[in-house]
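Visitor: Take a look at the following structure, please.
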Amino acid sequence: MTDALESSPPLDLPLDAHALRADFPVLARTVHDRPLVYLDNAATTQKPQVVLDALDRYYGEYNSNVHRGVHRLSQEATEAFEAARITVQRFLGAAASHEIVFTRGTTESVNLVANAWGRANVGAGDEILVTEMEHHSNIVPWQMLCEAVGATLKVLPMDDRGELRMERLDDLLTERTRLVAVVHVSNALGTWNPVETIIGRAHAVGALVLVDGAQSIPHLPVDVQRLDADFYALSGHKAYGPMGIGVLYGKAAVLDAMPPWQGGGDMIRMVTFEKTTYGELPCKFEAGTPDVAGAIGLAAAFDYVEGIGRGRIAAHEADLLEYGTRVLGEIPEVRFIGTADRKAAVLSLLFEGVHPHDVGTILDREGVAVRTGHHCAYPVMQHFGIPATTRASLALYNTREDLDALVRALTRVREVFA
Amino acid sequence: MSDLRDLYQEVILDHGKNPRNFGKIEGARSAHGHNPLCGDLVTIYVTVQDGVIEDIRFEGSGCAISTASASMMTQALKGRTREEVDRLFERFHEMVTGRADGTQGTDDLGKLAVFEGVVEFPLRVKCATLSWHTLKAALEASSEAAGPEQPGTPEPQVTTE
């Protein structure tokens, strides 16, 4: 697959979100005697029945450890696990399946790179460049690395609309820059960053680039080869898959040259007390029994998404984003945080005179689930001089009615605080 | 809607919007409180004379519940002894967490009884108790004869996402 957008069903056949809702059992429940309106998808998405079935089938029919036994169940589990890796490879447009390393999630993927690649390739006086809108999981591992090896953490700033100040990039990239860690889509602001441009300029100074794809994978067609990303990190649970499974994509040559991270079973070729030799990719980075069910569930989620078409999902969410921006913008007390030109389906807002935590409590009583808080992005909150926002984040099963319900619930906030 | 009204009572909304005893006491013992879940920040300043709270003020930013709780706490505690403060905190904590045995009522809590509605909102208990935990840290710092501005370590430090 070279272009997911082109290979998806035609855009003129819009996605029927009302029909797709039936695929997600949890959406049928009520909260405080009201229908659930789930708008906290950037925290985690709900799971379609096909994912739940895949987990059930694995545990109910062929649960077994992988890469070990000669017995039938182990063979079936190993085949399904490795087939899941190929599904992920195709979904990301990677060149080979051994470039796909299963992890616990984006956070572990970033930590793997910071530790295994970082300790081997970053030294005193070197620089790591992050951006002002990173999630803590793409800041803290780099801070820890810099502290340990005496490197410097530099920050590409953003403007008041939540767009990266790209005119500063060339100044911040130096011959000492070893790696740029950048978020593809901001969880707090929704900004869809120009990572292709950043990757091109980083490569020009010899730096590698890690892209945090936790929020882009559920919303955009992503092709790691076309982006030319060196590392791409993602979480399964934010893209309709199970919790506890994630992916680190790395270019084979880069992964090959890296030392292992965690030691243990499955990642070795030979162990003696004198010397251990390590296995090939991707096993080298998958010490211990992996989350086999999680990987199979993630593949089921990606198949489900591909069945709908990532282009159609993106078009549907773009329509919701436009609609939500309009109807929420008509509420006099609402101010949006994050107004970039290019955004994914995140509406982060302030309600004048009411703290986001109070907004969240009132919305919850109306059955509307949103995230309130700093979204693990303190530097973003500091930029805007605010403690928190109320964030509605959308998924393929959300509808305009969900946004109408959010608007109604926000008028309740006004009534309670009148 | 009724339980929302139980939580957001008029008195609480009033104190949330117009907090009393808001500001710094120069040279007083103080402690910082932080609830990372929602970003609430509070600093409590307290002076103690002969075992009695002489003055108590606070600064910070937070939700309506935490701001109102800090405001009403400062009103309730001026002139109280350490023992009375500890007892009131214990009773307040029992009330908002639903651990009271129900035999005592809330008469001894006075105006603080308006926070009774918090019990239906377990995720908001930390908002209501942040200022109390912070006060405790400030008083403990002061009883250990630490210098002015000695920062205490507030108990509520939850982590999120």
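Ordering of the structure tokens sets the chain letters (A, B, ...), residue numbers begin anew at 1 in every chain, and ligands are numbered from 1 in the order given.
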For chain A against chain B, which residues fall within 6 Å using only C-alpha atoms, given as a list in words?
Guide: His355, Gly373 and Pro387 of chain A
Visitor: Those same residues - N, CA and C atoms - I'd like them written as a short mmCIF file (atom, residue, chain, number, x, y, z; two decimals), in the first residue's frame.
Guide:
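Result file follows (again-v3.cif):
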```cif
data_model
loop_
_atom_site.label_atom_id
_atom_site.label_comp_id
_atom_site.auth_asym_id
_atom_site.auth_seq_id
_atom_site.Cartn_x
_atom_site.Cartn_y
_atom_site.Cartn_z
N HIS A 355 -14.35 26.64 35.85
CA HIS A 355 -13.16 25.81 35.73
C HIS A 355 -13.50 24.52 34.96
N GLY A 373 -8.64 18.71 32.03
CA GLY A 373 -7.34 18.64 32.68
C GLY A 373 -6.27 19.22 31.78
N PRO A 387 -4.76 26.49 33.57
CA PRO A 387 -4.45 25.25 34.28
C PRO A 387 -4.93 24.00 33.55
#
```
Visitor: Pick out the residues sitting within 9 Å of stretch 173-177 of chain A, and hand them over as a list in words; count only C-alpha atoms, and ignore anything fewer than 5 positions along from it in its own chain.
Guide: Gly125, Asp126, Glu127, Ile128, Leu129, Arg168, Arg201, Ala202, Val205, Gly206, Ala207 and Leu208 of chain A
Visitor: Could you name the residues that touch B:Pro19 at 8 Å or less, counting only C-alpha atoms, but leaving out those on the same chain fewer than 4 positions away, as a list of chain:residue names?
Guide: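 Counting only the stated atoms, we get B:Asp14, B:His15, B:Thr67, B:Ala68, B:Ser71.
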Visitor: Since we have the selection now, will you write its residues out, keeping C-alpha atoms, as a PDB file, in the first residue's frame?
Guide:
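To be explicit, this is the file written out as again09.pdb:
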```
ATOM      1  CA  ASP B  14     -20.499  32.399  45.900  1.00  0.00           C
ATOM      2  CA  HIS B  15     -17.261  31.432  47.638  1.00  0.00           C
ATOM      3  CA  THR B  67     -11.698  27.441  45.833  1.00  0.00           C
ATOM      4  CA  ALA B  68     -14.880  27.475  47.911  1.00  0.00           C
ATOM      5  CA  SER B  71     -12.331  30.011  51.371  1.00  0.00           C
TER       6      SER B  71
END
```
Visitor: Please measure the separation of atom CA of B:Leu77 and atom CA of A:Ala418, giving the value in Å to one decimal.
Guide: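 Separation of atom CA of B:Leu77 and atom CA of A:Ala418: 29.1 Å.
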Visitor: If we count only C-alpha atoms, what is near B:Asp107 at a cut-off of 12 Å, once residues fewer than 2 positions away on the same chain are taken out, given as a VMD selection string?
Guide: chain B and resid 88 91 to 92 95 102 to 105 109 to 114 116
Visitor: Would you kindly return, as a compact mmCIF listing (two decimals) with all heavy atoms, in the first residue's frame, each protein, DNA or RNA residue with an atom no farther than 9 Å from any atom of stretch 85-102 of chain A, considering only C-alpha atoms and excluding same-chain residues fewer than 6 positions away?
Guide:
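Result file selection.txt:
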```txt
# COMPACT_ATOMS: atom_id res chain seq x y z
N MET A 1 0.84 -1.20 0.00
CA MET A 1 0.00 0.00 0.00
C MET A 1 0.88 1.25 0.00
O MET A 1 1.66 1.46 0.92
CB MET A 1 -0.86 0.00 1.26
CG MET A 1 -1.86 1.09 1.27
SD MET A 1 -2.86 0.99 2.77
CE MET A 1 -1.62 1.28 4.00
N THR A 2 0.77 2.04 -1.01
CA THR A 2 1.58 3.24 -1.05
C THR A 2 0.79 4.48 -0.66
O THR A 2 1.33 5.44 -0.18
CB THR A 2 2.14 3.47 -2.47
OG1 THR A 2 1.04 3.47 -3.38
CG2 THR A 2 3.12 2.39 -2.86
N ASP A 3 -0.49 4.45 -0.86
CA ASP A 3 -1.28 5.63 -0.54
C ASP A 3 -2.64 5.21 -0.01
O ASP A 3 -3.53 4.83 -0.75
CB ASP A 3 -1.45 6.50 -1.78
CG ASP A 3 -2.02 7.86 -1.41
OD1 ASP A 3 -2.76 7.95 -0.41
OD2 ASP A 3 -1.71 8.82 -2.11
N ALA A 4 -2.75 5.26 1.31
CA ALA A 4 -3.98 4.77 1.94
C ALA A 4 -5.20 5.58 1.49
O ALA A 4 -6.30 5.06 1.37
CB ALA A 4 -3.85 4.85 3.46
N SER A 109 7.20 2.76 23.53
CA SER A 109 7.94 2.88 22.27
C SER A 109 8.96 4.02 22.35
O SER A 109 10.11 3.87 21.92
CB SER A 109 6.97 3.14 21.11
OG SER A 109 6.08 2.06 20.95
N ILE A 217 -2.73 8.15 14.17
CA ILE A 217 -3.14 6.84 13.66
C ILE A 217 -4.66 6.67 13.62
O ILE A 217 -5.19 6.13 12.64
CB ILE A 217 -2.45 5.73 14.50
CG1 ILE A 217 -0.99 5.63 14.10
CG2 ILE A 217 -3.14 4.39 14.36
CD1 ILE A 217 -0.75 5.22 12.65
N PRO A 221 -4.62 8.82 7.31
CA PRO A 221 -3.79 7.80 6.65
C PRO A 221 -2.32 8.14 6.89
O PRO A 221 -1.91 9.28 6.70
CB PRO A 221 -4.15 7.97 5.16
CG PRO A 221 -5.42 8.75 5.14
CD PRO A 221 -5.39 9.63 6.36
N VAL A 222 -1.55 7.16 7.35
CA VAL A 222 -0.13 7.39 7.63
C VAL A 222 0.69 6.40 6.81
O VAL A 222 0.36 5.22 6.76
CB VAL A 222 0.17 7.20 9.13
CG1 VAL A 222 1.67 7.17 9.39
CG2 VAL A 222 -0.49 8.29 9.96
N ASP A 223 1.74 6.90 6.19
CA ASP A 223 2.64 6.05 5.43
C ASP A 223 4.07 6.40 5.85
O ASP A 223 4.59 7.45 5.47
CB ASP A 223 2.44 6.29 3.92
CG ASP A 223 3.28 5.34 3.08
OD1 ASP A 223 4.49 5.21 3.37
OD2 ASP A 223 2.73 4.74 2.14
N VAL A 224 4.66 5.52 6.66
CA VAL A 224 5.95 5.88 7.26
C VAL A 224 7.07 6.00 6.22
O VAL A 224 8.00 6.78 6.42
CB VAL A 224 6.37 4.86 8.36
CG1 VAL A 224 5.46 4.97 9.57
CG2 VAL A 224 6.42 3.43 7.82
N GLN A 225 6.95 5.26 5.12
CA GLN A 225 8.00 5.38 4.09
C GLN A 225 7.89 6.70 3.35
O GLN A 225 8.89 7.35 3.04
CB GLN A 225 7.90 4.23 3.10
CG GLN A 225 8.36 2.91 3.69
CD GLN A 225 8.56 1.86 2.62
OE1 GLN A 225 9.58 1.83 1.95
NE2 GLN A 225 7.56 1.01 2.46
N ARG A 226 6.65 7.10 3.07
CA ARG A 226 6.50 8.38 2.38
C ARG A 226 6.93 9.53 3.28
O ARG A 226 7.52 10.51 2.83
CB ARG A 226 5.05 8.57 1.91
CG ARG A 226 4.94 9.51 0.74
CD ARG A 226 3.57 9.47 0.12
NE ARG A 226 2.54 9.65 1.13
CZ ARG A 226 1.24 9.69 0.85
NH1 ARG A 226 0.84 9.57 -0.38
NH2 ARG A 226 0.36 9.85 1.81
N ILE A 245 -1.31 -2.68 24.20
CA ILE A 245 -0.52 -3.04 23.02
C ILE A 245 -0.20 -1.76 22.24
O ILE A 245 -1.05 -0.87 22.11
CB ILE A 245 -1.25 -4.06 22.11
CG1 ILE A 245 -0.34 -4.58 20.99
CG2 ILE A 245 -2.54 -3.46 21.53
CD1 ILE A 245 0.68 -5.56 21.44
N GLY A 246 1.01 -1.67 21.78
CA GLY A 246 1.43 -0.53 20.98
C GLY A 246 2.48 -0.98 19.99
O GLY A 246 2.81 -2.16 19.92
N VAL A 247 2.97 -0.01 19.25
CA VAL A 247 3.91 -0.35 18.18
C VAL A 247 5.04 0.67 18.16
O VAL A 247 4.82 1.87 18.36
CB VAL A 247 3.20 -0.34 16.80
CG1 VAL A 247 4.20 -0.45 15.66
CG2 VAL A 247 2.16 -1.47 16.72
N LEU A 248 6.24 0.16 17.94
CA LEU A 248 7.33 1.03 17.50
C LEU A 248 7.72 0.59 16.11
O LEU A 248 8.16 -0.54 15.91
CB LEU A 248 8.56 0.92 18.43
CG LEU A 248 9.77 1.68 17.90
CD1 LEU A 248 9.53 3.19 17.92
CD2 LEU A 248 11.04 1.31 18.65
N TYR A 249 7.54 1.50 15.14
CA TYR A 249 8.12 1.28 13.82
C TYR A 249 9.51 1.89 13.82
O TYR A 249 9.70 3.00 14.33
CB TYR A 249 7.26 1.93 12.72
CG TYR A 249 8.06 2.17 11.44
CD1 TYR A 249 8.26 1.14 10.53
CD2 TYR A 249 8.66 3.41 11.19
CE1 TYR A 249 9.03 1.34 9.39
CE2 TYR A 249 9.43 3.62 10.05
CZ TYR A 249 9.61 2.58 9.15
OH TYR A 249 10.38 2.77 8.03
N GLY A 250 10.46 1.18 13.25
CA GLY A 250 11.78 1.75 13.07
C GLY A 250 12.33 1.26 11.74
O GLY A 250 12.07 0.12 11.33
N LYS A 251 13.10 2.11 11.07
CA LYS A 251 13.75 1.66 9.83
C LYS A 251 14.67 0.49 10.18
O LYS A 251 15.41 0.56 11.18
CB LYS A 251 14.56 2.79 9.22
CG LYS A 251 13.72 3.84 8.53
CD LYS A 251 14.62 4.94 7.98
CE LYS A 251 13.79 6.02 7.30
NZ LYS A 251 14.61 7.22 7.02
N ALA A 252 14.65 -0.54 9.35
CA ALA A 252 15.40 -1.77 9.66
C ALA A 252 16.87 -1.47 9.96
O ALA A 252 17.44 -2.00 10.92
CB ALA A 252 15.27 -2.76 8.51
N LEU A 255 17.15 0.09 13.46
CA LEU A 255 16.87 -0.89 14.52
C LEU A 255 18.00 -1.90 14.62
O LEU A 255 18.40 -2.30 15.71
CB LEU A 255 15.55 -1.61 14.24
CG LEU A 255 14.24 -0.81 14.39
CD1 LEU A 255 13.06 -1.70 13.98
CD2 LEU A 255 14.05 -0.29 15.80
N GLU A 280 17.46 -11.76 16.07
CA GLU A 280 17.25 -10.84 14.95
C GLU A 280 16.08 -9.91 15.27
O GLU A 280 15.34 -10.11 16.23
CB GLU A 280 16.89 -11.66 13.70
CG GLU A 280 17.93 -12.69 13.27
CD GLU A 280 19.16 -12.03 12.67
OE1 GLU A 280 19.00 -11.00 12.01
OE2 GLU A 280 20.27 -12.54 12.88
N LEU A 281 15.87 -8.93 14.38
CA LEU A 281 14.67 -8.10 14.47
C LEU A 281 13.45 -8.96 14.16
O LEU A 281 13.55 -9.86 13.32
CB LEU A 281 14.73 -6.97 13.44
CG LEU A 281 15.75 -5.87 13.71
CD1 LEU A 281 15.70 -4.87 12.57
CD2 LEU A 281 15.50 -5.19 15.03
N PRO A 282 12.32 -8.69 14.72
CA PRO A 282 12.07 -7.70 15.77
C PRO A 282 12.23 -8.29 17.16
O PRO A 282 12.09 -7.56 18.15
CB PRO A 282 10.60 -7.35 15.52
CG PRO A 282 10.00 -8.64 15.03
CD PRO A 282 11.07 -9.33 14.25
N CYS A 283 12.57 -9.61 17.25
CA CYS A 283 12.62 -10.28 18.55
C CYS A 283 13.59 -9.60 19.51
O CYS A 283 13.40 -9.60 20.72
CB CYS A 283 13.01 -11.75 18.38
SG CYS A 283 11.81 -12.65 17.38
N PHE A 285 13.92 -6.75 20.32
CA PHE A 285 13.28 -5.73 21.15
C PHE A 285 11.99 -6.23 21.81
O PHE A 285 11.20 -5.43 22.31
CB PHE A 285 13.00 -4.47 20.32
CG PHE A 285 14.25 -3.82 19.83
CD1 PHE A 285 14.60 -3.86 18.49
CD2 PHE A 285 15.11 -3.18 20.72
CE1 PHE A 285 15.76 -3.27 18.04
CE2 PHE A 285 16.27 -2.59 20.29
CZ PHE A 285 16.61 -2.63 18.93
N GLU A 286 11.77 -7.53 21.78
CA GLU A 286 10.55 -8.06 22.39
C GLU A 286 10.88 -9.12 23.43
O GLU A 286 10.48 -10.29 23.31
CB GLU A 286 9.61 -8.61 21.30
CG GLU A 286 9.03 -7.52 20.41
CD GLU A 286 8.10 -8.04 19.31
OE1 GLU A 286 7.93 -9.27 19.19
OE2 GLU A 286 7.54 -7.21 18.58
N PRO A 290 5.10 -11.73 24.85
CA PRO A 290 4.42 -10.50 24.41
C PRO A 290 2.91 -10.58 24.68
O PRO A 290 2.39 -11.63 25.07
CB PRO A 290 4.69 -10.48 22.91
CG PRO A 290 4.84 -11.92 22.53
CD PRO A 290 5.42 -12.62 23.72
N ASP A 291 2.23 -9.46 24.45
CA ASP A 291 0.77 -9.42 24.56
C ASP A 291 0.21 -9.95 23.24
O ASP A 291 -0.14 -9.20 22.34
CB ASP A 291 0.32 -7.98 24.82
CG ASP A 291 -1.18 -7.88 25.03
OD1 ASP A 291 -1.89 -8.90 24.87
OD2 ASP A 291 -1.65 -6.77 25.36
N ALA A 295 -1.88 -7.95 20.28
CA ALA A 295 -1.43 -7.77 18.90
C ALA A 295 -2.50 -8.26 17.92
O ALA A 295 -2.78 -7.60 16.91
CB ALA A 295 -0.12 -8.54 18.68
N ILE A 296 -3.12 -9.39 18.24
CA ILE A 296 -4.17 -9.92 17.37
C ILE A 296 -5.38 -8.98 17.37
O ILE A 296 -5.98 -8.71 16.32
CB ILE A 296 -4.55 -11.35 17.84
CG1 ILE A 296 -3.37 -12.31 17.56
CG2 ILE A 296 -5.83 -11.84 17.17
CD1 ILE A 296 -3.49 -13.66 18.25
N LEU A 298 -5.26 -5.76 17.95
CA LEU A 298 -4.87 -4.54 17.22
C LEU A 298 -5.02 -4.76 15.72
O LEU A 298 -5.51 -3.89 14.99
CB LEU A 298 -3.43 -4.15 17.58
CG LEU A 298 -2.88 -2.94 16.84
CD1 LEU A 298 -3.71 -1.70 17.13
CD2 LEU A 298 -1.41 -2.69 17.21
N ALA A 299 -4.59 -5.93 15.24
CA ALA A 299 -4.72 -6.23 13.82
C ALA A 299 -6.21 -6.24 13.41
O ALA A 299 -6.57 -5.73 12.34
CB ALA A 299 -4.08 -7.58 13.50
N ALA A 300 -7.06 -6.77 14.29
CA ALA A 300 -8.51 -6.77 14.01
C ALA A 300 -9.03 -5.34 13.92
O ALA A 300 -9.88 -5.01 13.08
CB ALA A 300 -9.26 -7.55 15.09
N PHE A 302 -7.25 -2.65 13.06
CA PHE A 302 -6.74 -2.03 11.83
C PHE A 302 -7.51 -2.55 10.61
O PHE A 302 -7.80 -1.79 9.68
CB PHE A 302 -5.24 -2.27 11.68
CG PHE A 302 -4.38 -1.38 12.55
CD1 PHE A 302 -3.00 -1.51 12.57
CD2 PHE A 302 -4.95 -0.39 13.35
CE1 PHE A 302 -2.19 -0.68 13.36
CE2 PHE A 302 -4.16 0.44 14.14
CZ PHE A 302 -2.78 0.29 14.15
N ASP A 303 -7.83 -3.85 10.62
CA ASP A 303 -8.63 -4.40 9.52
C ASP A 303 -10.00 -3.72 9.48
O ASP A 303 -10.53 -3.41 8.40
CB ASP A 303 -8.83 -5.92 9.71
CG ASP A 303 -7.58 -6.70 9.28
OD1 ASP A 303 -6.75 -6.14 8.54
OD2 ASP A 303 -7.45 -7.87 9.71
N GLU A 306 -9.55 -0.23 8.08
CA GLU A 306 -9.31 -0.29 6.63
C GLU A 306 -10.58 -0.65 5.87
O GLU A 306 -10.80 -0.19 4.74
CB GLU A 306 -8.22 -1.32 6.31
CG GLU A 306 -6.81 -0.85 6.61
CD GLU A 306 -6.32 0.28 5.73
OE1 GLU A 306 -7.07 1.28 5.57
OE2 GLU A 306 -5.22 0.18 5.19
```
Visitor: Go ahead and compute the interatomic distance for atom CA of A:Leu189 and atom CA of A:Gly118, in Å to one decimal.
Guide: 28.3 Å
Visitor: Choose the residue, out of B:Val96, B:Leu135, B:Ala141, B:Ile12, that has the smallest atom-to-atom separation from B:Arg57; count only C-alpha atoms.
Guide: B:Leu135
Visitor: Contacts of A:Asn115 at 12 Å or less, counting only C-alpha atoms, minus same-chain residues fewer than 6 places along, as number ranges by chain?
Guide: A: 108-109, 121-122, 140-146, 148-149, 258-262, 285
Visitor: What does the file look like for those residues with all heavy atoms, as a short mmCIF file (atom, residue, chain, number, x, y, z; two decimals), in the first residue's frame?
Guide:
```
data_model
loop_
_atom_site.label_atom_id
_atom_site.label_comp_id
_atom_site.auth_asym_id
_atom_site.auth_seq_id
_atom_site.Cartn_x
_atom_site.Cartn_y
_atom_site.Cartn_z
N GLU A 108 5.94 3.38 25.91
CA GLU A 108 7.02 2.40 25.93
C GLU A 108 7.86 2.48 24.65
O GLU A 108 9.08 2.30 24.67
CB GLU A 108 6.49 0.98 26.11
CG GLU A 108 7.62 -0.01 26.36
CD GLU A 108 7.13 -1.40 26.73
OE1 GLU A 108 6.68 -2.13 25.83
OE2 GLU A 108 7.17 -1.74 27.91
N SER A 109 7.20 2.76 23.53
CA SER A 109 7.94 2.88 22.27
C SER A 109 8.96 4.02 22.35
O SER A 109 10.11 3.87 21.92
CB SER A 109 6.97 3.14 21.11
OG SER A 109 6.08 2.06 20.95
N ASN A 121 23.81 6.48 21.02
CA ASN A 121 24.04 7.48 19.96
C ASN A 121 24.07 8.93 20.41
O ASN A 121 24.33 9.82 19.61
CB ASN A 121 22.96 7.33 18.87
CG ASN A 121 23.12 6.05 18.08
OD1 ASN A 121 23.96 5.95 17.19
ND2 ASN A 121 22.33 5.05 18.44
N VAL A 122 23.72 9.19 21.67
CA VAL A 122 23.68 10.57 22.15
C VAL A 122 24.71 10.71 23.26
O VAL A 122 24.74 9.90 24.19
CB VAL A 122 22.27 10.92 22.68
CG1 VAL A 122 22.22 12.38 23.15
CG2 VAL A 122 21.22 10.68 21.59
N VAL A 140 9.57 13.62 28.70
CA VAL A 140 10.29 13.10 29.88
C VAL A 140 11.36 12.06 29.52
O VAL A 140 12.48 12.14 30.05
CB VAL A 140 9.28 12.54 30.92
CG1 VAL A 140 10.01 12.03 32.15
CG2 VAL A 140 8.28 13.62 31.31
N PRO A 141 11.10 11.10 28.61
CA PRO A 141 12.17 10.13 28.29
C PRO A 141 13.42 10.83 27.73
O PRO A 141 14.54 10.40 27.99
CB PRO A 141 11.53 9.23 27.23
CG PRO A 141 10.06 9.33 27.48
CD PRO A 141 9.84 10.76 27.92
N TRP A 142 13.21 11.92 26.99
CA TRP A 142 14.34 12.65 26.41
C TRP A 142 15.05 13.47 27.47
O TRP A 142 16.29 13.60 27.44
CB TRP A 142 13.85 13.54 25.25
CG TRP A 142 13.12 12.73 24.23
CD1 TRP A 142 11.79 12.84 23.89
CD2 TRP A 142 13.64 11.65 23.44
NE1 TRP A 142 11.47 11.89 22.95
CE2 TRP A 142 12.58 11.15 22.65
CE3 TRP A 142 14.89 11.05 23.32
CZ2 TRP A 142 12.73 10.08 21.76
CZ3 TRP A 142 15.05 10.00 22.44
CH2 TRP A 142 13.98 9.52 21.68
N GLN A 143 14.29 14.01 28.42
CA GLN A 143 14.93 14.72 29.53
C GLN A 143 15.80 13.77 30.33
O GLN A 143 16.91 14.11 30.73
CB GLN A 143 13.85 15.30 30.47
CG GLN A 143 13.38 16.67 30.06
CD GLN A 143 12.27 17.17 30.97
OE1 GLN A 143 11.49 16.38 31.50
NE2 GLN A 143 12.17 18.47 31.12
N MET A 144 15.25 12.57 30.58
CA MET A 144 16.00 11.57 31.35
C MET A 144 17.28 11.19 30.61
O MET A 144 18.35 11.07 31.22
CB MET A 144 15.12 10.34 31.62
CG MET A 144 13.97 10.61 32.57
SD MET A 144 12.67 9.32 32.54
CE MET A 144 13.52 7.98 33.34
N LEU A 145 17.17 11.02 29.30
CA LEU A 145 18.34 10.68 28.49
C LEU A 145 19.37 11.81 28.56
O LEU A 145 20.57 11.57 28.80
CB LEU A 145 17.93 10.43 27.04
CG LEU A 145 19.07 10.28 26.03
CD1 LEU A 145 19.87 9.01 26.30
CD2 LEU A 145 18.54 10.27 24.60
N CYS A 146 18.90 13.04 28.34
CA CYS A 146 19.82 14.19 28.32
C CYS A 146 20.55 14.32 29.66
O CYS A 146 21.75 14.58 29.71
CB CYS A 146 19.06 15.48 28.01
SG CYS A 146 18.57 15.57 26.27
N ALA A 148 21.17 11.95 31.76
CA ALA A 148 22.09 10.83 31.97
C ALA A 148 23.39 10.98 31.17
O ALA A 148 24.45 10.57 31.64
CB ALA A 148 21.41 9.52 31.62
N VAL A 149 23.30 11.54 29.96
CA VAL A 149 24.49 11.57 29.10
C VAL A 149 25.08 12.97 28.93
O VAL A 149 26.08 13.13 28.25
CB VAL A 149 24.18 10.96 27.70
CG1 VAL A 149 23.65 9.54 27.83
CG2 VAL A 149 23.22 11.84 26.90
N MET A 258 20.95 -0.80 16.58
CA MET A 258 20.72 -0.48 17.99
C MET A 258 21.02 -1.68 18.88
O MET A 258 20.73 -2.81 18.52
CB MET A 258 19.25 -0.08 18.21
CG MET A 258 18.93 1.34 17.79
SD MET A 258 17.14 1.62 17.54
CE MET A 258 16.45 1.20 19.12
N PRO A 259 21.55 -1.41 20.09
CA PRO A 259 21.65 -2.50 21.07
C PRO A 259 20.25 -2.84 21.58
O PRO A 259 19.35 -2.02 21.44
CB PRO A 259 22.50 -1.88 22.19
CG PRO A 259 22.28 -0.41 22.08
CD PRO A 259 22.02 -0.11 20.63
N PRO A 260 20.05 -4.02 22.17
CA PRO A 260 18.74 -4.32 22.73
C PRO A 260 18.44 -3.40 23.91
O PRO A 260 19.33 -2.70 24.40
CB PRO A 260 18.86 -5.77 23.17
CG PRO A 260 20.30 -6.11 23.14
CD PRO A 260 21.03 -5.07 22.38
N TRP A 261 17.18 -3.43 24.34
CA TRP A 261 16.79 -2.63 25.51
C TRP A 261 16.62 -3.54 26.71
O TRP A 261 17.51 -3.66 27.52
CB TRP A 261 15.51 -1.85 25.20
CG TRP A 261 15.03 -1.01 26.35
CD1 TRP A 261 15.81 -0.43 27.32
CD2 TRP A 261 13.68 -0.65 26.65
NE1 TRP A 261 15.03 0.26 28.20
CE2 TRP A 261 13.72 0.15 27.83
CE3 TRP A 261 12.45 -0.91 26.06
CZ2 TRP A 261 12.56 0.68 28.40
CZ3 TRP A 261 11.31 -0.37 26.63
CH2 TRP A 261 11.36 0.42 27.79
N GLN A 262 15.51 -4.25 26.77
CA GLN A 262 15.29 -5.16 27.88
C GLN A 262 15.85 -6.53 27.52
O GLN A 262 15.73 -6.97 26.38
CB GLN A 262 13.80 -5.26 28.19
CG GLN A 262 13.22 -3.94 28.66
CD GLN A 262 11.71 -4.00 28.84
OE1 GLN A 262 11.01 -4.75 28.16
NE2 GLN A 262 11.21 -3.22 29.77
N PHE A 285 13.92 -6.75 20.32
CA PHE A 285 13.28 -5.73 21.15
C PHE A 285 11.99 -6.23 21.81
O PHE A 285 11.20 -5.43 22.31
CB PHE A 285 13.00 -4.47 20.32
CG PHE A 285 14.25 -3.82 19.83
CD1 PHE A 285 14.60 -3.86 18.49
CD2 PHE A 285 15.11 -3.18 20.72
CE1 PHE A 285 15.76 -3.27 18.04
CE2 PHE A 285 16.27 -2.59 20.29
CZ PHE A 285 16.61 -2.63 18.93
#
```
Visitor: Can you measure atom CA of A:Val211 to atom CA of A:Leu227 for me? One decimal in Å is fine.
Guide: 9.8 Å
Visitor: Pick out each residue of chain B that DSSP on the backbone tags as alpha helix (DSSP H); I need them as a PyMOL selection string.
Guide: chain B and resi 2-7+10-17+64-77+82-97+125-143
Visitor: Determine which residues of stretch 330-391 of chain A receive a DSSP assignment of strand (DSSP E), computed from the backbone, and state them as a list in words.
Guide: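 Across stretch 330-391 of chain A, those assigned strand (DSSP E) are Val334, Arg335, Phe336, Val346, Leu347, Ser348, Leu349, Leu350, Phe351, Val368, Ala369, Arg371, Thr372, Gly373, Thr389, Thr390 and Arg391 of chain A.
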